[in-house]
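Coordinates as given in work_13.txt (compact mmCIF, C-alpha atoms (C1' of nucleotides)):
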# COMPACT_ATOMS: atom_id res chain seq x y z
CA MET A 1 -20.86 23.23 14.52
CA THR A 2 -24.04 21.17 14.60
CA ALA A 3 -23.98 17.54 15.69
CA GLU A 4 -24.86 16.60 12.13
CA ILE A 5 -21.87 18.37 10.65
CA SER A 6 -19.64 17.03 13.38
CA THR A 7 -20.64 13.50 12.40
CA ILE A 8 -19.87 14.15 8.74
CA ARG A 9 -16.54 15.58 9.76
CA THR A 10 -15.62 12.49 11.77
CA GLU A 11 -16.66 10.20 8.96
CA PHE A 12 -14.69 12.21 6.45
CA ILE A 13 -11.58 12.02 8.60
CA ASP A 14 -11.99 8.25 8.85
CA PHE A 15 -12.56 8.05 5.13
CA MET A 16 -9.35 9.94 4.45
CA GLY A 17 -7.45 7.64 6.78
CA ARG A 18 -8.51 4.65 4.73
CA ALA A 19 -8.17 6.38 1.35
CA LEU A 20 -4.60 7.49 1.89
CA GLU A 21 -3.68 4.18 3.39
CA GLN A 22 -4.38 2.69 -0.04
CA GLN A 23 -1.92 5.17 -1.49
CA GLY A 24 0.90 4.06 0.76
CA LEU A 25 0.56 6.59 3.56
CA SER A 26 -0.22 5.67 7.14
CA PRO A 27 -3.81 5.97 8.41
CA ILE A 28 -2.80 8.74 10.79
CA ALA A 29 -1.25 10.80 8.00
CA GLY A 30 -4.52 10.45 6.11
CA ARG A 31 -6.56 11.48 9.12
CA ILE A 32 -4.40 14.55 9.77
CA LEU A 33 -4.86 15.55 6.15
CA GLY A 34 -8.59 14.90 6.34
CA LEU A 35 -8.98 17.00 9.45
CA LEU A 36 -7.02 19.90 7.99
CA ILE A 37 -8.85 19.77 4.68
CA PHE A 38 -12.22 19.75 6.40
CA ASP A 39 -11.44 22.52 8.83
CA GLY A 40 -9.43 24.67 6.44
CA ASP A 41 -7.79 26.77 9.13
CA ALA A 42 -4.75 25.87 11.20
CA ARG A 43 -4.70 23.37 14.04
CA SER A 44 -2.07 23.06 16.73
CA PHE A 45 0.09 20.05 17.29
CA SER A 46 -1.70 19.25 20.55
CA GLU A 47 -5.14 19.72 19.05
CA LEU A 48 -4.29 17.19 16.38
CA ALA A 49 -3.08 14.64 18.91
CA GLU A 50 -6.09 15.15 21.14
CA GLU A 51 -8.79 15.26 18.48
CA LEU A 52 -7.47 12.26 16.60
CA GLY A 53 -6.79 10.41 19.84
CA VAL A 54 -3.25 9.43 18.92
CA SER A 55 0.14 9.80 20.56
CA ARG A 56 2.24 12.91 20.16
CA GLY A 57 4.92 10.72 18.66
CA SER A 58 2.61 9.82 15.81
CA ILE A 59 1.66 13.43 15.16
CA SER A 60 5.30 14.39 15.14
CA ALA A 61 6.27 11.73 12.60
CA ASN A 62 3.26 12.02 10.33
CA ALA A 63 3.01 15.80 10.32
CA LYS A 64 6.69 15.98 9.47
CA LEU A 65 6.11 13.59 6.59
CA LEU A 66 3.19 15.59 5.22
CA VAL A 67 5.11 18.84 5.51
CA HIS A 68 8.02 17.25 3.69
CA LYS A 69 5.70 16.09 0.92
CA GLY A 70 4.32 19.62 0.71
CA THR A 71 0.67 18.77 1.30
CA ILE A 72 0.48 20.67 4.59
CA VAL A 73 2.45 23.62 5.95
CA LYS A 74 3.74 24.43 9.42
CA GLU A 75 2.99 27.81 10.95
CA ASN A 76 4.45 29.48 13.98
CA ARG A 77 2.94 32.37 15.90
CA ALA A 78 4.61 35.07 17.95
CA GLY A 79 4.34 34.36 21.64
CA ASP A 80 3.11 30.82 21.09
CA ARG A 81 5.53 27.96 21.24
CA GLN A 82 3.21 25.47 19.64
CA ASP A 83 3.47 24.36 16.03
CA TYR A 84 0.39 24.91 13.90
CA PHE A 85 -0.46 23.09 10.69
CA ARG A 86 -2.76 23.89 7.85
CA ILE A 87 -3.52 22.38 4.47
CA ALA A 88 -1.22 23.72 1.78
CA GLU A 89 -2.89 25.91 -0.80
CA GLU A 90 -1.43 23.83 -3.58
CA SER A 91 -1.82 20.45 -1.86
CA PHE A 92 -3.53 18.69 -4.74
CA GLU A 93 -1.05 19.95 -7.29
CA VAL A 94 1.75 18.73 -5.05
CA MET A 95 0.19 15.28 -4.83
CA LEU A 96 -0.08 15.06 -8.60
CA THR A 97 3.46 16.25 -9.07
CA SER A 98 4.95 13.67 -6.74
CA LEU A 99 2.73 10.95 -8.13
CA ARG A 100 3.89 11.82 -11.62
CA GLU A 101 7.50 11.69 -10.54
CA ARG A 102 7.04 8.26 -9.04
CA VAL A 103 5.42 7.01 -12.22
CA LEU A 104 8.18 8.46 -14.39
CA GLN A 105 10.77 6.89 -12.14
CA THR A 106 9.10 3.52 -12.63
CA ALA A 107 8.98 4.06 -16.40
CA SER A 108 12.67 4.82 -16.37
CA SER A 109 13.53 1.71 -14.34
CA VAL A 110 11.55 -0.52 -16.67
CA GLN A 111 13.18 1.12 -19.68
CA ASP A 112 16.57 0.37 -18.15
CA PHE A 113 15.66 -3.29 -17.88
CA ALA A 114 14.53 -3.26 -21.51
CA ASP A 115 17.68 -1.51 -22.72
CA ALA A 116 19.86 -4.08 -20.98
CA LEU A 117 18.37 -6.81 -23.17
CA PRO A 118 19.55 -7.68 -26.71
CA GLY A 119 17.29 -6.44 -29.46
CA ASP A 120 16.20 -9.88 -30.51
CA GLN A 121 14.65 -10.74 -27.16
CA SER A 122 10.86 -10.67 -27.22
CA ALA A 123 11.03 -9.68 -23.56
CA ARG A 124 12.62 -6.44 -24.69
CA ARG A 125 9.57 -5.54 -26.72
CA ARG A 126 7.26 -6.27 -23.80
CA LEU A 127 9.28 -4.23 -21.33
CA CYS A 128 9.41 -1.33 -23.77
CA GLY A 129 5.63 -1.55 -23.99
CA MET A 130 5.44 -1.48 -20.24
CA ALA A 131 7.66 1.60 -20.08
CA GLU A 132 5.33 3.22 -22.62
CA PHE A 133 2.48 2.35 -20.33
CA TYR A 134 4.00 4.26 -17.45
CA ARG A 135 4.91 7.20 -19.64
CA ALA A 136 1.31 7.34 -20.84
CA MET A 137 0.23 7.40 -17.20
CA ALA A 138 2.59 10.27 -16.51
CA GLU A 139 1.16 12.19 -19.42
CA GLY A 140 -2.33 11.56 -18.13
CA ILE A 141 -1.34 12.94 -14.74
CA ALA A 142 0.13 16.02 -16.40
CA LEU A 143 -3.22 16.54 -18.09
CA ALA A 144 -5.02 16.19 -14.78
CA LYS A 145 -2.71 18.82 -13.30
CA ALA A 146 -3.36 21.24 -16.14
CA ARG A 147 -7.07 20.68 -15.86
CA LEU A 148 -7.01 21.22 -12.14
CA ALA A 149 -5.11 24.48 -12.53
CA LYS A 150 -7.72 25.70 -15.01
CA ILE A 151 -10.59 24.98 -12.63
CA ARG A 152 -8.91 26.91 -9.87
CA CYS A 153 -8.63 30.09 -11.95
CA MET B 1 19.06 -18.00 -22.12
CA THR B 2 22.47 -16.56 -21.28
CA ALA B 3 23.51 -16.05 -17.68
CA GLU B 4 23.40 -12.32 -18.31
CA ILE B 5 19.78 -12.36 -19.42
CA SER B 6 18.88 -14.70 -16.62
CA THR B 7 20.21 -12.18 -14.12
CA ILE B 8 18.21 -9.37 -15.68
CA ARG B 9 15.14 -11.58 -15.57
CA THR B 10 15.58 -12.29 -11.86
CA GLU B 11 16.13 -8.63 -11.08
CA PHE B 12 13.08 -7.64 -13.09
CA ILE B 13 10.93 -10.16 -11.22
CA ASP B 14 12.17 -8.76 -7.91
CA PHE B 15 11.55 -5.24 -9.15
CA MET B 16 7.98 -6.11 -10.04
CA GLY B 17 7.45 -7.66 -6.63
CA ARG B 18 8.39 -4.40 -4.98
CA ALA B 19 6.62 -2.17 -7.52
CA LEU B 20 3.26 -3.90 -7.22
CA GLU B 21 3.58 -4.10 -3.47
CA GLN B 22 3.46 -0.29 -3.49
CA GLN B 23 0.20 -0.55 -5.39
CA GLY B 24 -1.48 -2.70 -2.79
CA LEU B 25 -0.77 -6.14 -4.23
CA SER B 26 1.29 -8.78 -2.47
CA PRO B 27 4.93 -9.24 -3.44
CA ILE B 28 4.21 -12.70 -4.80
CA ALA B 29 1.46 -11.40 -7.07
CA GLY B 30 3.94 -8.87 -8.41
CA ARG B 31 6.58 -11.51 -8.99
CA ILE B 32 4.16 -13.79 -10.82
CA LEU B 33 3.22 -10.90 -13.05
CA GLY B 34 6.85 -9.99 -13.58
CA LEU B 35 7.79 -13.52 -14.55
CA LEU B 36 4.89 -13.82 -16.99
CA ILE B 37 5.56 -10.43 -18.55
CA PHE B 38 9.22 -11.23 -19.03
CA ASP B 39 8.71 -14.70 -20.46
CA GLY B 40 5.65 -13.86 -22.53
CA ASP B 41 4.55 -17.45 -22.98
CA ALA B 42 2.59 -19.58 -20.55
CA ARG B 43 3.97 -21.09 -17.35
CA SER B 44 2.45 -23.92 -15.39
CA PHE B 45 1.24 -23.68 -11.81
CA SER B 46 4.12 -25.88 -10.60
CA GLU B 47 6.73 -24.00 -12.59
CA LEU B 48 5.62 -20.77 -10.95
CA ALA B 49 5.83 -22.26 -7.46
CA GLU B 50 9.22 -23.79 -8.12
CA GLU B 51 10.83 -20.89 -9.96
CA LEU B 52 9.63 -18.29 -7.48
CA GLY B 53 10.42 -20.57 -4.56
CA VAL B 54 7.07 -20.12 -2.86
CA SER B 55 4.38 -22.45 -1.62
CA ARG B 56 1.64 -23.82 -3.84
CA GLY B 57 -0.86 -22.18 -1.54
CA SER B 58 0.58 -18.78 -2.40
CA ILE B 59 0.50 -19.46 -6.13
CA SER B 60 -3.08 -20.60 -5.85
CA ALA B 61 -4.21 -17.49 -4.00
CA ASN B 62 -2.22 -14.93 -5.95
CA ALA B 63 -2.78 -16.40 -9.41
CA LYS B 64 -6.49 -16.51 -8.71
CA LEU B 65 -6.38 -12.87 -7.70
CA LEU B 66 -4.52 -11.81 -10.85
CA VAL B 67 -6.88 -13.82 -13.05
CA HIS B 68 -9.83 -12.17 -11.33
CA LYS B 69 -8.32 -8.76 -11.95
CA GLY B 70 -7.84 -9.68 -15.60
CA THR B 71 -4.10 -9.07 -15.78
CA ILE B 72 -3.27 -12.73 -16.45
CA VAL B 73 -5.27 -15.56 -18.02
CA LYS B 74 -5.52 -19.25 -17.19
CA GLU B 75 -5.04 -21.82 -19.94
CA ASN B 76 -5.76 -25.52 -19.98
CA ARG B 77 -4.35 -28.05 -22.40
CA ALA B 78 -5.80 -31.34 -23.61
CA GLY B 79 -4.19 -34.27 -21.85
CA ASP B 80 -2.51 -32.07 -19.24
CA ARG B 81 -4.12 -31.56 -15.88
CA GLN B 82 -1.99 -28.62 -14.90
CA ASP B 83 -3.17 -25.03 -15.04
CA TYR B 84 -1.10 -22.69 -17.18
CA PHE B 85 -0.96 -18.93 -16.87
CA ARG B 86 0.09 -16.23 -19.27
CA ILE B 87 0.03 -12.46 -19.26
CA ALA B 88 -3.25 -11.10 -20.63
CA GLU B 89 -2.98 -9.36 -23.98
CA GLU B 90 -4.82 -6.34 -22.59
CA SER B 91 -3.20 -6.40 -19.14
CA PHE B 92 -2.16 -2.74 -19.10
CA GLU B 93 -5.54 -1.55 -20.30
CA VAL B 94 -7.15 -3.61 -17.57
CA MET B 95 -4.94 -2.02 -14.94
CA LEU B 96 -5.81 1.46 -16.15
CA THR B 97 -9.50 0.65 -16.26
CA SER B 98 -9.63 -0.62 -12.71
CA LEU B 99 -7.45 2.24 -11.47
CA ARG B 100 -9.80 4.71 -13.12
CA GLU B 101 -12.79 3.06 -11.50
CA ARG B 102 -11.19 3.27 -8.09
CA VAL B 103 -10.42 6.95 -8.61
CA LEU B 104 -13.96 7.70 -9.78
CA GLN B 105 -15.33 5.83 -6.79
CA THR B 106 -13.24 8.02 -4.52
CA ALA B 107 -14.41 11.16 -6.32
CA SER B 108 -17.98 10.06 -5.82
CA SER B 109 -17.50 9.38 -2.12
CA VAL B 110 -15.91 12.77 -1.55
CA GLN B 111 -18.71 14.43 -3.52
CA ASP B 112 -21.22 12.68 -1.26
CA PHE B 113 -19.52 14.15 1.79
CA ALA B 114 -19.61 17.58 0.18
CA ASP B 115 -23.27 17.29 -0.76
CA ALA B 116 -24.19 16.34 2.78
CA LEU B 117 -22.91 19.72 4.00
CA PRO B 118 -24.94 22.96 3.98
CA GLY B 119 -23.98 25.36 1.21
CA ASP B 120 -22.56 27.95 3.59
CA GLN B 121 -19.89 25.64 4.98
CA SER B 122 -16.43 26.44 3.68
CA ALA B 123 -15.65 22.75 4.08
CA ARG B 124 -18.16 22.10 1.33
CA ARG B 125 -16.16 24.14 -1.13
CA ARG B 126 -12.96 22.35 -0.23
CA LEU B 127 -14.48 18.91 -0.57
CA CYS B 128 -15.97 19.84 -3.93
CA GLY B 129 -12.50 20.90 -5.00
CA MET B 130 -11.16 17.58 -3.86
CA ALA B 131 -13.81 15.71 -5.82
CA GLU B 132 -12.79 17.76 -8.85
CA PHE B 133 -9.25 16.68 -8.20
CA TYR B 134 -10.15 13.02 -8.41
CA ARG B 135 -12.30 13.54 -11.48
CA ALA B 136 -9.37 15.27 -13.16
CA MET B 137 -7.23 12.26 -12.29
CA ALA B 138 -9.80 9.94 -13.84
CA GLU B 139 -9.78 12.01 -17.00
CA GLY B 140 -6.01 11.83 -17.09
CA ILE B 141 -6.16 8.06 -16.81
CA ALA B 142 -8.66 7.93 -19.65
CA LEU B 143 -6.19 9.89 -21.75
CA ALA B 144 -3.43 7.48 -20.86
CA LYS B 145 -5.62 4.59 -21.93
CA ALA B 146 -6.42 6.22 -25.26
CA ARG B 147 -2.78 6.97 -25.85
CA LEU B 148 -1.79 3.42 -25.01
CA ALA B 149 -4.37 2.01 -27.42
CA LYS B 150 -2.99 4.22 -30.17
CA ILE B 151 0.57 3.04 -29.64
CA ARG B 152 -0.53 -0.56 -29.84
CA CYS B 153 -2.11 -0.12 -33.27
C1' DC C 1 -9.81 -50.02 -6.18
C1' DA C 2 -5.60 -47.84 -4.96
C1' DT C 3 -2.40 -44.44 -6.40
C1' DT C 4 -0.73 -40.35 -8.25
C1' DG C 5 -0.92 -35.64 -9.54
C1' DT C 6 -3.65 -31.74 -9.37
C1' DG C 7 -5.37 -27.13 -7.08
C1' DT C 8 -7.73 -25.42 -2.80
C1' DT C 9 -8.36 -24.38 1.92
C1' DC C 10 -7.36 -22.86 6.43
C1' DA C 11 -5.09 -22.71 10.85
C1' DA C 12 -0.58 -21.47 12.38
C1' DT C 13 3.41 -18.73 11.64
C1' DT C 14 6.06 -15.05 10.12
C1' DT C 15 6.88 -10.57 8.86
C1' DC C 16 6.66 -5.81 8.89
C1' DA C 17 5.00 -1.31 9.35
C1' DA C 18 2.19 1.58 12.47
C1' DC C 19 1.78 3.10 16.75
C1' DT C 20 2.68 3.95 21.61
C1' DG C 21 4.64 6.03 25.54
C1' DA C 22 8.37 7.12 28.37
C1' DA C 23 12.74 9.46 28.27
C1' DC C 24 14.89 13.20 26.43
C1' DG C 25 16.54 17.95 24.87
C1' DC C 26 15.46 22.45 24.43
C1' DA C 27 13.63 26.96 25.17
C1' DA C 28 10.58 30.04 27.52
C1' DA C 29 8.51 31.39 31.72
C1' DT C 30 8.53 31.88 36.64
C1' DA D 1 17.88 27.98 38.91
C1' DT D 2 13.85 25.53 38.52
C1' DT D 3 9.76 24.44 36.39
C1' DT D 4 6.75 24.05 32.65
C1' DG D 5 5.40 23.22 27.96
C1' DC D 6 6.84 21.94 23.72
C1' DG D 7 8.41 18.54 19.84
C1' DT D 8 11.52 14.55 18.97
C1' DT D 9 13.33 10.06 19.43
C1' DC D 10 13.50 5.26 19.91
C1' DA D 11 12.84 0.76 22.00
C1' DG D 12 8.95 -2.03 22.63
C1' DT D 13 4.22 -3.49 21.44
C1' DT D 14 0.59 -4.41 18.58
C1' DG D 15 -2.10 -5.77 14.77
C1' DA D 16 -2.87 -6.91 10.15
C1' DA D 17 -1.48 -8.94 6.01
C1' DA D 18 1.46 -12.31 3.64
C1' DT D 19 3.03 -16.68 3.59
C1' DT D 20 3.49 -21.43 4.76
C1' DG D 21 2.43 -26.22 4.91
C1' DA D 22 -0.36 -29.98 5.99
C1' DA D 23 -4.92 -31.78 5.24
C1' DC D 24 -8.17 -32.09 1.88
C1' DA D 25 -11.15 -32.95 -2.38
C1' DC D 26 -11.19 -34.30 -6.82
C1' DA D 27 -10.11 -36.45 -11.16
C1' DA D 28 -7.21 -39.13 -14.02
C1' DT D 29 -4.25 -43.01 -14.24
C1' DG D 30 -2.56 -47.60 -13.48

Would you mind giving the structure from this file in C-alpha cells?
Amino acid sequence: MTAEISTIRTEFIDFMGRALEQQGLSPIAGRILGLLIFDGDARSFSELAEELGVSRGSISANAKLLVHKGTIVKENRAGDRQDYFRIAEESFEVMLTSLRERVLQTASSVQDFADALPGDQSARRRLCGMAEFYRAMAEGIALAKARLAKIRC
Amino acid sequence: MTAEISTIRTEFIDFMGRALEQQGLSPIAGRILGLLIFDGDARSFSELAEELGVSRGSISANAKLLVHKGTIVKENRAGDRQDYFRIAEESFEVMLTSLRERVLQTASSVQDFADALPGDQSARRRLCGMAEFYRAMAEGIALAKARLAKIRC
DNA sequence: CATTGTGTTCAATTTCAACTGAACGCAAAT
DNA sequence: ATTTGCGTTCAGTTGAAATTGAACACAATG
C-alpha cells in the first residue's frame, strides 16, 4: 500500500469514528467499522487493537456490539485461537433495518401518548401528526433499503 | 387540565428529552420542544425555565439553538418585554430537511474518499457502495418529506 | 436617576459515557 | 503441570458536553 493510500485509509477511519459517533455509537466502534470497510478482508482482534491504538478491553466491547448489531461478523480459523472480524456482506441493509425499527418504535410510543389523550385535546392532533412523521420516516427508510438492494443486483 | 392529562404531558416532555438526546440534541432542548409541541400555543421564556425547572441560562442557550434550527419560533408582543416561543408550523419538515442535508454531506464526504483512491483498489468499490447507501437514505428522506406534505393538505 | 425585569454570557460544576489497564478465566501448547 | 496466548470483565480514570448561577448589559418603568 502506498503512503498516499495509507493516509487516505487513516483519514477514512477517523472520519468513520466521528460519523458513527453522531449516530450514537462510540468513536472506537466507528473506527473498527471504518477499518474493516476499507480493508474488506478479515482482521484479527490483536491487529485491531494495535492498529487503532486502543486497549483490548475496548476492542472486546465494541466488536461484540458491532457483531450483535450485525454490521460485522466474527470468524474463527482452525489452528488459530484468535478471533477475526470482517465487515458483514449485508452491513448497510442491517443498519437500515435497525434504524427503521428504532423509528417505528418511536412512532409507536408517540402514538401511545396521543391515544391516551381525549379526542377533544388539540395536543392529541399534534401528537398524531408527530407519529405520522415518524411513520413517514420509516417508509422512507424502507424505500432506501429497496433501492439499495436493487443497486447491488 | 385534568391531573390525568397533566401526567401524560409530563411523561411526554420527559420522553422527548430522551428521544432528542439520542439525536444529538441536549435533553433540555428536547424537553422545550416537547412542551411546546404538547401545548401548541406560545410559552414565555420564564414559563419555560420555571416549568422545566432549569436555569435561565439553559433556556437561553437551548431556545436559541432550536430557533436557529427552525423547529421553534420566537414571538414578541407589544407592551411585553418577554420573549415567547412556539412550535414552528413546519417543524417536522425542517427536521427532515436538515437531516437530509447531513446525510447528503456524509455521502459526499465518502464519495470524496472513494474518488481519491486508484480505480484498482477494492476499497474504492466499497466506499462507492457506501456513498450509494447514504444517497439512498437521502432519497428515502425526500420521500418521507413528500408524504408528510401530502398528509398535511 | 435609580430600579426592575429582561435575556446573555462565561467560568465553575456536574454528569455521564468512553476508555483504560490490570486481574481474571480459559484453553491450547510445551 | 506449567506456561503462554487469548478474550472478558470491571473498578477507576478521563474528557467532553450539559448545566448552573452569578455577573452583566440593556431597556423600560417609576

Checklist line | Contact set, chain C to chain B: 12 Å, only C-alpha atoms (C1' of nucleotides), as a list in words | finding: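 Every residue meeting the condition is included here: DG5, DT6, DG7, DT8, DT9 and DC10 of chain C.
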
Generate the output file for the selected residues, C-alpha atoms (C1' of nucleotides), as a compact mmCIF listing (two decimals), in the coordinates of the input.
# COMPACT_ATOMS: atom_id res chain seq x y z
C1' DG C 5 -0.92 -35.64 -9.54
C1' DT C 6 -3.65 -31.74 -9.37
C1' DG C 7 -5.37 -27.13 -7.08
C1' DT C 8 -7.73 -25.42 -2.80
C1' DT C 9 -8.36 -24.38 1.92
C1' DC C 10 -7.36 -22.86 6.43

Please provide chain A as a compact mmCIF listing (two decimals) with C-alpha atoms, in the coordinates of the input, once it has been superposed on chain B by least squares across all sequentially paired Cα atoms.
# COMPACT_ATOMS: atom_id res chain seq x y z
CA MET A 1 19.07 -18.09 -22.08
CA THR A 2 22.47 -16.65 -21.22
CA ALA A 3 23.51 -16.12 -17.61
CA GLU A 4 23.40 -12.40 -18.27
CA ILE A 5 19.79 -12.44 -19.40
CA SER A 6 18.86 -14.77 -16.59
CA THR A 7 20.21 -12.23 -14.10
CA ILE A 8 18.21 -9.42 -15.69
CA ARG A 9 15.15 -11.61 -15.56
CA THR A 10 15.57 -12.30 -11.85
CA GLU A 11 16.12 -8.65 -11.10
CA PHE A 12 13.09 -7.67 -13.12
CA ILE A 13 10.93 -10.14 -11.25
CA ASP A 14 12.16 -8.72 -7.95
CA PHE A 15 11.56 -5.22 -9.22
CA MET A 16 7.98 -6.07 -10.12
CA GLY A 17 7.43 -7.58 -6.69
CA ARG A 18 8.39 -4.30 -5.07
CA ALA A 19 6.65 -2.10 -7.65
CA LEU A 20 3.28 -3.78 -7.33
CA GLU A 21 3.59 -3.93 -3.60
CA GLN A 22 3.46 -0.13 -3.67
CA GLN A 23 0.22 -0.38 -5.59
CA GLY A 24 -1.46 -2.50 -2.95
CA LEU A 25 -0.79 -5.96 -4.35
CA SER A 26 1.25 -8.59 -2.56
CA PRO A 27 4.92 -9.09 -3.52
CA ILE A 28 4.16 -12.56 -4.85
CA ALA A 29 1.42 -11.26 -7.14
CA GLY A 30 3.93 -8.76 -8.49
CA ARG A 31 6.55 -11.43 -9.02
CA ILE A 32 4.12 -13.72 -10.85
CA LEU A 33 3.20 -10.84 -13.11
CA GLY A 34 6.85 -9.96 -13.64
CA LEU A 35 7.76 -13.50 -14.56
CA LEU A 36 4.88 -13.82 -17.02
CA ILE A 37 5.56 -10.45 -18.60
CA PHE A 38 9.23 -11.26 -19.05
CA ASP A 39 8.70 -14.72 -20.44
CA GLY A 40 5.64 -13.91 -22.53
CA ASP A 41 4.54 -17.51 -22.96
CA ALA A 42 2.56 -19.61 -20.50
CA ARG A 43 3.92 -21.10 -17.31
CA SER A 44 2.39 -23.90 -15.29
CA PHE A 45 1.19 -23.60 -11.76
CA SER A 46 4.04 -25.79 -10.50
CA GLU A 47 6.66 -23.93 -12.50
CA LEU A 48 5.55 -20.70 -10.90
CA ALA A 49 5.75 -22.14 -7.40
CA GLU A 50 9.14 -23.70 -8.03
CA GLU A 51 10.78 -20.82 -9.88
CA LEU A 52 9.59 -18.19 -7.45
CA GLY A 53 10.36 -20.43 -4.49
CA VAL A 54 6.99 -19.95 -2.83
CA SER A 55 4.29 -22.27 -1.54
CA ARG A 56 1.57 -23.64 -3.77
CA GLY A 57 -0.93 -21.96 -1.50
CA SER A 58 0.50 -18.58 -2.40
CA ILE A 59 0.43 -19.30 -6.12
CA SER A 60 -3.15 -20.44 -5.84
CA ALA A 61 -4.29 -17.29 -4.04
CA ASN A 62 -2.28 -14.77 -6.01
CA ALA A 63 -2.83 -16.28 -9.45
CA LYS A 64 -6.55 -16.36 -8.74
CA LEU A 65 -6.42 -12.70 -7.79
CA LEU A 66 -4.56 -11.71 -10.94
CA VAL A 67 -6.92 -13.71 -13.12
CA HIS A 68 -9.86 -12.05 -11.42
CA LYS A 69 -8.34 -8.63 -12.06
CA GLY A 70 -7.86 -9.62 -15.70
CA THR A 71 -4.11 -9.02 -15.88
CA ILE A 72 -3.29 -12.69 -16.51
CA VAL A 73 -5.30 -15.52 -18.04
CA LYS A 74 -5.57 -19.20 -17.18
CA GLU A 75 -5.09 -21.80 -19.89
CA ASN A 76 -5.84 -25.48 -19.88
CA ARG A 77 -4.43 -28.07 -22.26
CA ALA A 78 -5.89 -31.35 -23.43
CA GLY A 79 -4.33 -34.27 -21.63
CA ASP A 80 -2.64 -32.06 -19.06
CA ARG A 81 -4.24 -31.51 -15.72
CA GLN A 82 -2.08 -28.58 -14.78
CA ASP A 83 -3.23 -24.97 -14.95
CA TYR A 84 -1.16 -22.67 -17.12
CA PHE A 85 -1.00 -18.90 -16.87
CA ARG A 86 0.07 -16.23 -19.27
CA ILE A 87 0.02 -12.45 -19.32
CA ALA A 88 -3.23 -11.11 -20.70
CA GLU A 89 -2.95 -9.38 -24.04
CA GLU A 90 -4.75 -6.36 -22.69
CA SER A 91 -3.15 -6.40 -19.23
CA PHE A 92 -2.11 -2.76 -19.18
CA GLU A 93 -5.47 -1.54 -20.39
CA VAL A 94 -7.10 -3.61 -17.67
CA MET A 95 -4.88 -2.05 -15.03
CA LEU A 96 -5.77 1.44 -16.20
CA THR A 97 -9.44 0.62 -16.31
CA SER A 98 -9.56 -0.68 -12.76
CA LEU A 99 -7.37 2.14 -11.52
CA ARG A 100 -9.73 4.63 -13.11
CA GLU A 101 -12.71 2.97 -11.50
CA ARG A 102 -11.10 3.16 -8.09
CA VAL A 103 -10.34 6.83 -8.57
CA LEU A 104 -13.88 7.58 -9.73
CA GLN A 105 -15.25 5.69 -6.77
CA THR A 106 -13.16 7.87 -4.47
CA ALA A 107 -14.34 11.01 -6.27
CA SER A 108 -17.91 9.90 -5.78
CA SER A 109 -17.43 9.21 -2.06
CA VAL A 110 -15.87 12.61 -1.49
CA GLN A 111 -18.66 14.26 -3.46
CA ASP A 112 -21.17 12.51 -1.22
CA PHE A 113 -19.48 13.98 1.84
CA ALA A 114 -19.58 17.41 0.22
CA ASP A 115 -23.24 17.11 -0.76
CA ALA A 116 -24.19 16.17 2.80
CA LEU A 117 -22.93 19.55 4.00
CA PRO A 118 -24.96 22.80 3.94
CA GLY A 119 -23.99 25.20 1.20
CA ASP A 120 -22.60 27.78 3.55
CA GLN A 121 -19.93 25.49 4.97
CA SER A 122 -16.45 26.31 3.70
CA ALA A 123 -15.66 22.62 4.12
CA ARG A 124 -18.16 21.95 1.36
CA ARG A 125 -16.16 24.01 -1.09
CA ARG A 126 -12.95 22.21 -0.17
CA LEU A 127 -14.46 18.75 -0.50
CA CYS A 128 -15.95 19.69 -3.86
CA GLY A 129 -12.47 20.76 -4.93
CA MET A 130 -11.13 17.45 -3.77
CA ALA A 131 -13.77 15.57 -5.75
CA GLU A 132 -12.75 17.63 -8.78
CA PHE A 133 -9.21 16.56 -8.12
CA TYR A 134 -10.10 12.90 -8.36
CA ARG A 135 -12.24 13.43 -11.43
CA ALA A 136 -9.31 15.19 -13.09
CA MET A 137 -7.18 12.17 -12.24
CA ALA A 138 -9.74 9.87 -13.81
CA GLU A 139 -9.73 11.96 -16.95
CA GLY A 140 -5.96 11.80 -17.05
CA ILE A 141 -6.09 8.02 -16.81
CA ALA A 142 -8.61 7.91 -19.64
CA LEU A 143 -6.15 9.89 -21.73
CA ALA A 144 -3.37 7.48 -20.85
CA LYS A 145 -5.59 4.60 -21.96
CA ALA A 146 -6.38 6.25 -25.27
CA ARG A 147 -2.73 7.00 -25.84
CA LEU A 148 -1.73 3.47 -25.04
CA ALA A 149 -4.29 2.07 -27.47
CA LYS A 150 -2.90 4.31 -30.21
CA ILE A 151 0.66 3.10 -29.66
CA ARG A 152 -0.43 -0.50 -29.90
CA CYS A 153 -2.00 -0.03 -33.34

Item checked: Long-range neighbours of A:Asp41 as a ChimeraX atom specification, 10 Å cut-off, all atoms listed in the file, 5 positions minimum in chain -> /A:35-36,84-87

Notebook entry, point to check: Near chain B, which residues of chain D fall within 12 Å when you count all atoms listed in the file, and what do they look like as a VMD selection string?
Noted result: chain D and resid 17 to 22 26 to 29

Next item on the list: Could you tell me which of B:Arg100, B:Arg18, B:Arg126, B:His68 comes closest to chain A if we count all atoms listed in the file?
Entry: B:Arg126

Got a sec to pull out which chain B residues are within 6 Å of chain A, counting all atoms listed in the file, and send them as a short mmCIF file (atom, residue, chain, number, x, y, z; two decimals) with C-alpha atoms, in the coordinates of the input?
data_model
loop_
_atom_site.label_atom_id
_atom_site.label_comp_id
_atom_site.auth_asym_id
_atom_site.auth_seq_id
_atom_site.Cartn_x
_atom_site.Cartn_y
_atom_site.Cartn_z
CA PHE B 38 9.22 -11.23 -19.03
CA ALA B 123 -15.65 22.75 4.08
CA ALA B 136 -9.37 15.27 -13.16
CA MET B 137 -7.23 12.26 -12.29
CA GLY B 140 -6.01 11.83 -17.09
CA ILE B 141 -6.16 8.06 -16.81
CA LEU B 143 -6.19 9.89 -21.75
CA ALA B 144 -3.43 7.48 -20.86
#

Note to self: I'd like the interatomic distance between atom CA of A:Asp14 and atom CA of A:Gly30, to a tenth of an Å.
What the structure shows: 8.3 Å
